[in-house]
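Engineer: Before anything else, here's the structure in question.
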Amino acid sequence: MDKEEAPRRMTRFSASTSTSNILHATKGNNLETLTTNELLVGGDSISLDDIIANFPARSSQILEIARLLGPLNSPLLPLFMYGGASTGKTSIILQLFRHLNRPIVYSSCRTCYNQRILFESVLNQLLLHRKNVANCYTNAKRCERPSDFVNFLREALTSVINNLKEKSNKLVSGNKIHGGMGNIIYLVFDNFHLVRDWDKSSTILPLLFNLYDMLKMPEVGLIFISGTSPDTFYSNMGYVEPIPIYFPDYTEGDIRQILLRNQANQKLYSSFLDVALRPFCRITRQVGELSNALKPLFEKYCEPLSDKGKGVIPTEDMKRRLFNHIKPHIASSLNDVFKVSSPASSKVKVGKETKHKGSPKRSERFEEIGDLDFHMSTSAKYLLISSFLASRNPATLDASLFDSKGGSDNRKRKRKASEKVLEKKEILEEELLMKGPGTFPLERLIAIFQCIVSVAEEPYDEEEPNSNELGAECSNGSLISDVLLQLSTLCNANFIFKGKSCPIEGSTRYRSTISENLALKQVARSLKFPLSKYLYRN
Amino acid sequence: MAPATKTNGDNSHIVEALNLLRSRICDTGFIFKDSPDGNYSKLKFMISSSVAEACNNSILLLGPRGSGKLAVLDLVLQDLLIQYPDSISVVRLSGLLHCDDISAFKEIARQLCMEHQLLFSKAASFDDNSQFMVAVLKECGLAHKSVIFILDEFDLFAQGKQRLLYSLLDAMQSVSSQAVVVGISCRLDADQLLEKRVRSRFSHRKLLFLPPSIEDSQRLLVHMLTLPIDSSLPSDYAVQFNKKVQNIIEDKKFKEIFTNYLNFDSSVKHLLRFLFYAVSHMDMQTGFLSRENFETAYSSIQRQPKLECLRNCSILELYILVCMKKLEVKEKSLCNFNAVMKEYKNIHDSFQTSDYYARNVCLRAFEHLIHRELICFTDNRGHSLSVEFRPVKLLISSAELYQGLKAYHSCPAILQKLIERDG
């Protein structure tokens, strides 16, 4: 599952670079023909007006960058493009270079996820080196230290620039002014905000920001593309800030314009957007998310029409009718905005992952939850439930909850709870809300697991003391080892978090990461296990 | 159309002028060549006298970032290399690249090998390299050749054990060697960072680089923007261009923008950014700069990122921010998504707002805020907890939030009221 998911999440970033890579792959199969042309973005030439038409509401940014890049062969101070997700930063810069037909070295800090890979990727491109079978997929240079990088970079840049200069000299002597590539090479660093999370970010950030001053080559242009504004790049080292270019999020009007593109029936869709766009814009203004959320709603909107609304020109009367048809759906779908089963929207449904674990895992989780019944063994499900219980219930209540006699006592006591106890309960609840699920040692998990398994196996004689059962289970050694195996699987799948060993107790502690919803609805229901009976809070 | 595509026809001289201006801005040598600063002559005197008298010296160039320390040094070295072509060799190190001793000595050995046409061995050990350096210094001294070490970001070399500084300065103590160490740093207390053994070997010469005054900046502006009349550019165009520039500079409104801009940071680099932006926005039809160019440059460079971020937020995200602000005012020690949701529900219960969404929708909006860096997690460790439970904090002040909400044109009135009430 994870293999299928990973590339899908990557496509957006690889797509932007792959346009050039695929092109090179087709035209330059033999290594002999590699020239500086490889550094062009490739594709048919495109006019600036086309680019502006392709990116609605971005004309001012496009013109600004074009102006800052300037005419052929004019040097450039470092640029810093920033703006939220899906505002067109990467596509615009790549399209602009396609239009300008100038050499560019593009590396994304998402795919080049540490400094060595970033260095080597830049050098590979500059040295026109491509990994293939013949060179055993090695890099052109092995380069780990920043000092080596700057030396290699200077070397590579000088040779490329000399190449370019020779070429443009030839062009000039051939009386051709147009079609020249110029002799400036542009280094583009995409997703630059991710560098802050790298191991050595405190040295690599000032290095890259100061690269222009360090190289002292007017023939190099640096362009940084970041998701966050320049003020989020604090550093005690300091540097002179690059020139900022801001990409604001699209406004409601812009989003409308973008969503209307590529629609078969513009008029119908526009009347649909009149109704639906505003409430959705109150929740999110990211184009990708909105188009995902609006898609099923539009299908619903078209339902009363014959042939799915193709070729229909909506009249006022029809609009009113469709509006009444769609109205009840809007409110309910607002709360499902991110529930639509598309890979991008899966984050929220689970929302259990921490930020740093990366997105591909999240979507993998989502698929799993849907198909949970089919993918999990019964013992794994029990283990999941016991870990959930161990995380939610205070350890002191285990005895009373799982020992059947004690349990009944407890329930009786709870019923006539005094005010003090109620207050205590509230505080506890609050704490649970704030602190999240608790941790527990392995022994407790196994004990709870055995209790609930024994109860589930003989659901009709709950009165019988558990001790016999427990003994029987424990004597069965294979069960324990199986359970441990299952546990490690669950840990790897991130359903249970395995912490570092506790400094005081010395044993490893675990924590369940599944939500109550998941535990109750999916797992417990499939086992017909009365989970709520064992939850302390209830 | 882009300026780049209009290279043909009658406006080629405009493109040429633009290229000239842009290359001037990117060339640090041009900027500091005629600067009235006395640092150039002082530095030149210091270095040339120690080269001529064959003695050792060490100098610190201190000053804020972008005040032209390295540029002036480069100019001095350029002159000296012409003056004494055979008796100077330069070794350049940067604290950003070579702050650990191993790579520093390796780089020194590499550059000395390059300089003296020796074969550099990549496999040489730390000891080999440091012995090699001492030996080369001795040889150079015997040949009456000075080695000038330039240590950029000098303060970074002072981290750790300062072995490099010690061995460098210690080697200079011997009579036979002949070397100059020039440290460049933006920390004015850079010499205080040195260990005692290093400090005692350091001759305490310091040159202070200050950002230019407004008058000097203005002079620099004229120097940068004046086109040469006796060049390939049509002279009537150049004359007219210079006249326009002069008009702009004397304009009262321009002066206001200019001083406002320099009030933030008056270093030369900062000024250059401003110039670069304005020059790139030159009108390619007429080929002249206008005051508007400088005005757009001012507004595009001076940004308020947090307010911009607020403008990008959806209404739901604003609700979450206001909830967090309310929690902050209540002085809750810990704030996480669950607490925010509780507050959000409270607001909904008491005011019956129309914007009440399900928990998962809010969680997504919450994550958007984290991506926008309007809020962030207070701890970096809590990987074991899920997003809902990790404590977060606001990265925006209440004044900014208030201002942002006021500027947001479709902001619900209830949010503004809530913020106003909490002050």
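Residues are named by chain letter and number: chains run A, B, ... in the order of the structure tokens, numbers start at 1 in each chain, and ligands are numbered from 1 in the order shown.
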Residues of chain B within 6 Å of chain A: nearest atom pair and distance (Å, one decimal) for each, counting only C-alpha atoms, sorted by chain and number, as CSV?

Structural biologist:
```
residue,atom,partner,partner_atom,distance
B:Pro3,CA,A:Pro71,CA,5.9
B:Ala4,CA,A:Pro71,CA,4.0
B:Asn19,CA,A:Ser74,CA,5.1
B:Ser23,CA,A:Pro75,CA,5.6
B:Leu97,CA,A:Ser147,CA,4.7
B:Ser280,CA,A:Leu68,CA,5.4
B:Asn312,CA,A:Asp249,CA,5.5
B:Ser314,CA,A:Arg282,CA,5.2
B:Ile315,CA,A:Arg282,CA,4.8
B:Leu316,CA,A:Ile283,CA,5.2
B:Tyr357,CA,A:Asn335,CA,5.8
B:Ala358,CA,A:Asn335,CA,5.3
B:Asn360,CA,A:Val348,CA,5.5
B:Arg364,CA,A:Val348,CA,5.6
B:His383,CA,A:Thr354,CA,5.9
B:Ser386,CA,A:Lys352,CA,4.8
B:Val387,CA,A:Thr354,CA,5.4
B:Phe389,CA,A:Gly436,CA,5.3
```

Engineer: The selected residues should be written to file as an mmCIF file, in the first residue's frame (atoms: N, CA, C and O atoms).

Structural biologist:
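out-v1.cif was written with the following content:
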```
data_model
loop_
_atom_site.group_PDB
_atom_site.id
_atom_site.type_symbol
_atom_site.label_atom_id
_atom_site.label_comp_id
_atom_site.auth_asym_id
_atom_site.auth_seq_id
_atom_site.Cartn_x
_atom_site.Cartn_y
_atom_site.Cartn_z
ATOM 1 N N PRO B 3 10.664 42.418 -20.730
ATOM 2 C CA PRO B 3 11.766 43.259 -21.190
ATOM 3 C C PRO B 3 12.760 42.451 -22.010
ATOM 4 O O PRO B 3 13.404 42.989 -22.893
ATOM 5 N N ALA B 4 12.821 41.157 -21.710
ATOM 6 C CA ALA B 4 13.842 40.353 -22.358
ATOM 7 C C ALA B 4 13.578 40.158 -23.836
ATOM 8 O O ALA B 4 14.504 40.002 -24.618
ATOM 9 N N ASN B 19 21.286 46.808 -18.500
ATOM 10 C CA ASN B 19 22.310 45.819 -18.176
ATOM 11 C C ASN B 19 23.468 46.451 -17.436
ATOM 12 O O ASN B 19 23.986 45.880 -16.478
ATOM 13 N N SER B 23 24.533 45.408 -13.714
ATOM 14 C CA SER B 23 25.834 44.817 -13.388
ATOM 15 C C SER B 23 26.584 45.684 -12.397
ATOM 16 O O SER B 23 27.337 45.161 -11.589
ATOM 17 N N LEU B 97 32.295 27.777 5.942
ATOM 18 C CA LEU B 97 32.706 26.546 5.279
ATOM 19 C C LEU B 97 33.767 25.795 6.053
ATOM 20 O O LEU B 97 33.804 24.580 6.055
ATOM 21 N N SER B 280 15.176 47.381 -12.016
ATOM 22 C CA SER B 280 14.557 46.339 -12.844
ATOM 23 C C SER B 280 13.160 46.728 -13.280
ATOM 24 O O SER B 280 12.655 46.178 -14.239
ATOM 25 N N ASN B 312 -4.511 35.840 4.086
ATOM 26 C CA ASN B 312 -4.715 34.595 3.354
ATOM 27 C C ASN B 312 -5.624 33.617 4.070
ATOM 28 O O ASN B 312 -6.050 32.630 3.496
ATOM 29 N N SER B 314 -8.670 31.641 5.899
ATOM 30 C CA SER B 314 -10.112 31.539 5.709
ATOM 31 C C SER B 314 -10.790 31.944 7.014
ATOM 32 O O SER B 314 -10.141 32.094 8.049
ATOM 33 N N ILE B 315 -12.113 32.119 6.949
ATOM 34 C CA ILE B 315 -12.839 32.573 8.135
ATOM 35 C C ILE B 315 -12.655 31.591 9.298
ATOM 36 O O ILE B 315 -12.450 31.997 10.442
ATOM 37 N N LEU B 316 -12.695 30.315 8.974
ATOM 38 C CA LEU B 316 -12.560 29.317 10.035
ATOM 39 C C LEU B 316 -11.205 29.423 10.715
ATOM 40 O O LEU B 316 -11.095 29.314 11.939
ATOM 41 N N TYR B 357 -18.225 24.247 12.471
ATOM 42 C CA TYR B 357 -17.917 23.110 11.622
ATOM 43 C C TYR B 357 -17.486 21.922 12.455
ATOM 44 O O TYR B 357 -17.127 22.059 13.624
ATOM 45 N N ALA B 358 -17.468 20.784 11.784
ATOM 46 C CA ALA B 358 -17.108 19.542 12.479
ATOM 47 C C ALA B 358 -15.647 19.573 12.890
ATOM 48 O O ALA B 358 -14.846 20.357 12.370
ATOM 49 N N ASN B 360 -13.181 17.488 12.433
ATOM 50 C CA ASN B 360 -12.114 17.166 11.473
ATOM 51 C C ASN B 360 -11.818 18.340 10.543
ATOM 52 O O ASN B 360 -10.681 18.566 10.152
ATOM 53 N N ARG B 364 -8.170 20.349 10.215
ATOM 54 C CA ARG B 364 -7.462 20.667 8.984
ATOM 55 C C ARG B 364 -7.097 22.151 8.947
ATOM 56 O O ARG B 364 -5.976 22.530 8.576
ATOM 57 N N HIS B 383 6.874 13.847 19.414
ATOM 58 C CA HIS B 383 6.465 13.083 18.247
ATOM 59 C C HIS B 383 5.492 11.982 18.615
ATOM 60 O O HIS B 383 4.790 11.456 17.771
ATOM 61 N N SER B 386 -0.288 12.877 19.151
ATOM 62 C CA SER B 386 -0.878 13.290 17.893
ATOM 63 C C SER B 386 -1.162 14.795 17.945
ATOM 64 O O SER B 386 -1.123 15.412 19.005
ATOM 65 N N VAL B 387 -1.453 15.350 16.785
ATOM 66 C CA VAL B 387 -1.556 16.806 16.649
ATOM 67 C C VAL B 387 -2.513 17.414 17.671
ATOM 68 O O VAL B 387 -2.250 18.484 18.219
ATOM 69 N N PHE B 389 -3.125 16.818 20.635
ATOM 70 C CA PHE B 389 -2.687 16.937 22.021
ATOM 71 C C PHE B 389 -1.429 17.755 22.190
ATOM 72 O O PHE B 389 -1.084 18.142 23.291
#
```

Engineer: With only C-alpha atoms as the counted atoms, please give the residues lying no more than 10 Å from stretch 150-155 of chain B, apart from itself and same-chain residues fewer than 6 positions off, as a PyMOL selection string.

Structural biologist: (chain A and resi 214+237) or (chain B and resi 59-62+69-70+73+90-99+165+180-194)

Engineer: Atom CA of B:Arg205 to atom CA of B:Glu115: how many Å, to one decimal?

Structural biologist: 27.4 Å

Engineer: Taking 2 positions as the minimum chain separation for residues in the same chain, which residues sit within 10 Å of B:Asn56 when counting only C-alpha atoms? Answer as a VMD selection string.

Structural biologist: chain B and resid 47 50 to 51 53 to 54 58 146 to 148 169 172 to 181 203

Engineer: Calculated over only C-alpha atoms, which of the candidates A:Ile255, A:Val195, A:Cys109, A:Leu490 has the smallest distance to A:Ala57?

Structural biologist: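 Using only C-alpha atoms, the shortest distance to A:Ala57 belongs to A:Ile255.
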
Engineer: Excluding same-chain residues fewer than 6 positions from stretch 394-403 of chain B, what lies within 8 Å of it counting only C-alpha atoms, as a list in words?

Structural biologist: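 Skipping anything fewer than 6 positions along the chain leaves Lys306, Leu307, Leu310, Leu321, Met324, Lys325, Glu373, Leu374, Ile375, Cys376, Gln416, Ile419, Glu420 and Gly423 of chain B.
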
Engineer: Report, in Å to a single decimal, how far apart atom CA of B:Val340 and atom CA of B:Tyr319 are.

Structural biologist: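 These atoms are spaced 9.7 Å apart.
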
Engineer: Quick one: pick out all strand (DSSP E or B) residues within stretch 155-377 of chain B from a backbone DSSP run and write them as a PyMOL selection string.

Structural biologist: chain B and resi 179-185+205-208+375-377

Engineer: Just want the 8 Å neighbourhood of B:Val392, counted on only C-alpha atoms, with same-chain residues fewer than 2 positions away dropped. Output as a list of chain:residue names.

Structural biologist: B:Leu334, B:Cys335, B:Asn336, B:Phe337, B:Ile375, B:Cys376, B:Phe377, B:Thr378, B:Arg390, B:Leu394

Engineer: DSSP on the backbone: which residues in stretch 158-301 of chain B end up as alpha helix (DSSP H)? Give the answer as number ranges by chain.

Structural biologist: B: 163-171, 196-199, 214-225, 235-250, 252-264, 268-280, 291-301

Engineer: Neighbours of stretch 114-125 of chain A within 7 Å (only C-alpha atoms; same-chain residues fewer than 6 positions away dropped), as a list in words?

Structural biologist: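 Final neighbour list, sorted by chain and number: Val105, Ser107, Asn139, Ala140, Lys141, Arg142, Cys143, Glu144, Phe149, Leu153 and Trp198 of chain A.
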
Engineer: Output N, CA, C and O atoms of each residue in that selection to a file, as a CSV table (one decimal), in the first residue's frame.

Structural biologist:
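Result file part08.csv:
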```csv
chain,number,residue,atom,x,y,z
A,105,VAL,N,19.3,25.4,-13.1
A,105,VAL,CA,19.5,24.2,-12.4
A,105,VAL,C,18.5,24.1,-11.3
A,105,VAL,O,18.5,24.9,-10.4
A,107,SER,N,16.6,22.3,-8.2
A,107,SER,CA,16.6,21.2,-7.2
A,107,SER,C,15.6,21.5,-6.1
A,107,SER,O,15.6,22.7,-5.6
A,139,ASN,N,27.0,9.3,-8.4
A,139,ASN,CA,27.0,10.7,-8.6
A,139,ASN,C,28.3,11.2,-9.3
A,139,ASN,O,29.3,10.5,-9.3
A,140,ALA,N,28.2,12.4,-9.8
A,140,ALA,CA,29.4,12.9,-10.5
A,140,ALA,C,30.5,13.2,-9.5
A,140,ALA,O,31.7,12.9,-9.7
A,141,LYS,N,30.1,13.7,-8.4
A,141,LYS,CA,31.1,14.0,-7.3
A,141,LYS,C,30.6,13.5,-6.0
A,141,LYS,O,29.4,13.6,-5.8
A,142,ARG,N,31.5,13.1,-5.2
A,142,ARG,CA,31.0,12.8,-3.8
A,142,ARG,C,31.3,14.0,-3.0
A,142,ARG,O,32.4,14.5,-3.0
A,143,CYS,N,30.3,14.5,-2.3
A,143,CYS,CA,30.5,15.8,-1.7
A,143,CYS,C,29.6,15.9,-0.5
A,143,CYS,O,28.4,15.9,-0.6
A,144,GLU,N,30.2,16.0,0.6
A,144,GLU,CA,29.5,16.0,1.9
A,144,GLU,C,29.6,17.3,2.6
A,144,GLU,O,28.7,17.9,3.1
A,149,PHE,N,31.7,21.5,-1.5
A,149,PHE,CA,30.6,21.8,-2.4
A,149,PHE,C,31.0,23.2,-3.1
A,149,PHE,O,30.8,23.3,-4.3
A,153,LEU,N,31.5,23.5,-6.9
A,153,LEU,CA,30.5,24.3,-7.6
A,153,LEU,C,31.1,25.4,-8.4
A,153,LEU,O,30.8,25.7,-9.5
A,198,TRP,N,16.3,20.4,8.6
A,198,TRP,CA,17.4,19.5,8.4
A,198,TRP,C,18.3,19.5,9.6
A,198,TRP,O,18.3,20.4,10.5
```
